[in-house]
Amino acid sequence: QVQLVESGGGLVQAGGSLRLSCAASGRDFSAFSMGWYRQAPGKQRESVAIITSGGDTYYVESVKGRFTISRDNAKNTVYLQMNSLKPEDTGVYYCNAHYVFYRYWGQGTQVTVSS
């Protein structure tokens, strides 16, 4: 069992920055692919950024060049640095851990970008 706890969300003006953190409990954190997903009001949850156990990263097109996902396996933590935020980045951001048949979700943290 893996528990994920997100932090770092909040209200920010367009053009600002936030850094989200996701602390994981449980064993073998380094074996998991970790991801950040977001869900805007009235929309489906979408993948924003993923980092594999080997450190490869993938981003949705709309955040490329603005967001950076990273992980610190010694701290069992994954981060999402978000720069040049836009109102359309508003939503609840969820941390996800994935390994083979196992998938875990955090409770989410709200990010609101005002124009």
# chains A, B, ... in the order shown; residues from 1 in each chain; ligands from 1
>>> residues_around(residues="Ser17 (chain A)", least_positions_apart="3", cutoff="9 Å", atoms="only C-alpha atoms", output="MDAnalysis selection string")
chainID A and resid 12:14 81:85
>>> select_by_dssp(residues="chain A", states="strand (DSSP E)", output="ChimeraX atom specification")
/A:3-7,10-13,18-25,33-39,46-51,57-59,67-72,77-82,91-99,102-105,109-114
>>> atom_distance(atom1="CA of Tyr104 (chain A)", atom2="CA of Lys64 (chain A)")
24.7 Å
>>> residues_around(residues="Thr90 (chain A)", least_positions_apart="4", cutoff="6 Å", atoms="only C-alpha atoms", output="JSON, numbers by chain")
{"A": [111, 112, 113]}
>>> write_last_selection(atoms="C-alpha atoms", output="CSV table (one decimal), in the first residue's frame")
chain,number,residue,atom,x,y,z
A,111,VAL,CA,-4.4,25.4,-7.8
A,112,THR,CA,-6.2,28.5,-8.8
A,113,VAL,CA,-4.7,31.0,-11.3
>>> residues_around(residues="region 67-69 of chain A", least_positions_apart="2", cutoff="9 Å", atoms="only C-alpha atoms", output="list in words")
Gly35, Trp36, Val48, Ala49, Ile50, Ile51, Thr57, Tyr58, Tyr59, Val63, Lys64, Gly65, Arg71, Val78, Tyr79, Leu80, Gln81, Met82, Asn83, Ser84 and Leu85 of chain A
>>> write_last_selection(atoms="N, CA, C and O atoms", output="mmCIF file, in the first residue's frame")
data_model
loop_
_atom_site.group_PDB
_atom_site.id
_atom_site.type_symbol
_atom_site.label_atom_id
_atom_site.label_comp_id
_atom_site.auth_asym_id
_atom_site.auth_seq_id
_atom_site.Cartn_x
_atom_site.Cartn_y
_atom_site.Cartn_z
ATOM 1 N N GLY A 35 3.274 10.517 -11.328
ATOM 2 C CA GLY A 35 2.668 11.475 -12.239
ATOM 3 C C GLY A 35 1.836 12.514 -11.524
ATOM 4 O O GLY A 35 1.426 12.328 -10.376
ATOM 5 N N TRP A 36 1.650 13.612 -12.214
ATOM 6 C CA TRP A 36 0.729 14.656 -11.779
ATOM 7 C C TRP A 36 -0.403 14.733 -12.800
ATOM 8 O O TRP A 36 -0.151 14.791 -14.013
ATOM 9 N N VAL A 48 -0.780 15.497 -16.669
ATOM 10 C CA VAL A 48 -0.005 16.711 -16.868
ATOM 11 C C VAL A 48 1.479 16.382 -17.083
ATOM 12 O O VAL A 48 2.102 16.870 -18.021
ATOM 13 N N ALA A 49 2.035 15.566 -16.200
ATOM 14 C CA ALA A 49 3.456 15.233 -16.286
ATOM 15 C C ALA A 49 3.698 13.891 -15.624
ATOM 16 O O ALA A 49 3.048 13.569 -14.622
ATOM 17 N N ILE A 50 4.640 13.145 -16.189
ATOM 18 C CA ILE A 50 4.985 11.834 -15.653
ATOM 19 C C ILE A 50 6.495 11.717 -15.611
ATOM 20 O O ILE A 50 7.192 12.193 -16.513
ATOM 21 N N ILE A 51 6.986 11.066 -14.566
ATOM 22 C CA ILE A 51 8.404 10.739 -14.487
ATOM 23 C C ILE A 51 8.507 9.247 -14.162
ATOM 24 O O ILE A 51 7.908 8.765 -13.205
ATOM 25 N N THR A 57 10.911 11.772 -18.543
ATOM 26 C CA THR A 57 9.786 12.654 -18.252
ATOM 27 C C THR A 57 8.913 12.854 -19.488
ATOM 28 O O THR A 57 9.413 12.848 -20.624
ATOM 29 N N TYR A 58 7.631 13.036 -19.235
ATOM 30 C CA TYR A 58 6.654 13.263 -20.294
ATOM 31 C C TYR A 58 5.693 14.348 -19.826
ATOM 32 O O TYR A 58 5.320 14.390 -18.661
ATOM 33 N N TYR A 59 5.317 15.219 -20.769
ATOM 34 C CA TYR A 59 4.438 16.346 -20.446
ATOM 35 C C TYR A 59 3.307 16.453 -21.466
ATOM 36 O O TYR A 59 3.501 16.187 -22.655
ATOM 37 N N VAL A 63 1.752 22.257 -21.278
ATOM 38 C CA VAL A 63 2.618 22.706 -20.176
ATOM 39 C C VAL A 63 4.099 22.596 -20.521
ATOM 40 O O VAL A 63 4.946 22.984 -19.705
ATOM 41 N N LYS A 64 4.409 22.084 -21.676
ATOM 42 C CA LYS A 64 5.823 21.941 -22.059
ATOM 43 C C LYS A 64 6.518 23.295 -22.034
ATOM 44 O O LYS A 64 6.006 24.287 -22.545
ATOM 45 N N GLY A 65 7.689 23.311 -21.436
ATOM 46 C CA GLY A 65 8.463 24.539 -21.327
ATOM 47 C C GLY A 65 8.099 25.392 -20.124
ATOM 48 O O GLY A 65 8.798 26.351 -19.809
ATOM 49 N N ARG A 71 11.886 14.109 -9.138
ATOM 50 C CA ARG A 71 11.684 13.214 -8.003
ATOM 51 C C ARG A 71 12.950 13.119 -7.176
ATOM 52 O O ARG A 71 14.066 13.234 -7.708
ATOM 53 N N VAL A 78 7.917 13.503 -5.009
ATOM 54 C CA VAL A 78 7.919 13.968 -6.390
ATOM 55 C C VAL A 78 7.416 15.413 -6.385
ATOM 56 O O VAL A 78 6.579 15.786 -5.558
ATOM 57 N N TYR A 79 7.966 16.208 -7.284
ATOM 58 C CA TYR A 79 7.663 17.639 -7.331
ATOM 59 C C TYR A 79 7.118 18.010 -8.714
ATOM 60 O O TYR A 79 7.404 17.360 -9.717
ATOM 61 N N LEU A 80 6.382 19.095 -8.723
ATOM 62 C CA LEU A 80 5.970 19.707 -9.980
ATOM 63 C C LEU A 80 6.199 21.207 -9.858
ATOM 64 O O LEU A 80 5.479 21.894 -9.127
ATOM 65 N N GLN A 81 7.230 21.678 -10.537
ATOM 66 C CA GLN A 81 7.500 23.122 -10.582
ATOM 67 C C GLN A 81 6.693 23.710 -11.719
ATOM 68 O O GLN A 81 6.847 23.294 -12.878
ATOM 69 N N MET A 82 5.856 24.675 -11.397
ATOM 70 C CA MET A 82 4.963 25.271 -12.388
ATOM 71 C C MET A 82 5.291 26.749 -12.517
ATOM 72 O O MET A 82 5.140 27.508 -11.551
ATOM 73 N N ASN A 83 5.754 27.148 -13.675
ATOM 74 C CA ASN A 83 6.090 28.540 -13.955
ATOM 75 C C ASN A 83 5.169 29.092 -15.032
ATOM 76 O O ASN A 83 4.510 28.348 -15.754
ATOM 77 N N SER A 84 5.153 30.408 -15.132
ATOM 78 C CA SER A 84 4.331 31.082 -16.146
ATOM 79 C C SER A 84 2.901 30.542 -16.151
ATOM 80 O O SER A 84 2.343 30.210 -17.202
ATOM 81 N N LEU A 85 2.325 30.482 -14.985
ATOM 82 C CA LEU A 85 0.997 29.884 -14.851
ATOM 83 C C LEU A 85 -0.054 30.713 -15.592
ATOM 84 O O LEU A 85 0.025 31.953 -15.664
#
>>> atom_distance(atom1="CA of Asn96 (chain A)", atom2="CA of Leu4 (chain A)")
7.7 Å
>>> closest_residue(among="A:Thr109, A:Gly54, A:Pro41, A:Gln1", to="Ser21 (chain A)", atoms="only C-alpha atoms")
A:Thr109
>>> closest_residue(among="A:Asp89, A:Cys95, A:Asp56, A:Gly108", to="Val2 (chain A)", atoms="only C-alpha atoms")
A:Cys95
>>> residues_around(residues="region 73-75 of chain A", least_positions_apart="5", cutoff="9 Å", atoms="only C-alpha atoms", output="PyMOL selection string")
chain A and resi 23-24+29-30
>>> atom_distance(atom1="CA of Arg27 (chain A)", atom2="CA of Ser7 (chain A)")
20.6 Å
>>> closest_residue(among="A:Ala31, A:Gly10, A:Cys22, A:Ser62", to="Gln107 (chain A)", atoms="only C-alpha atoms")
A:Cys22
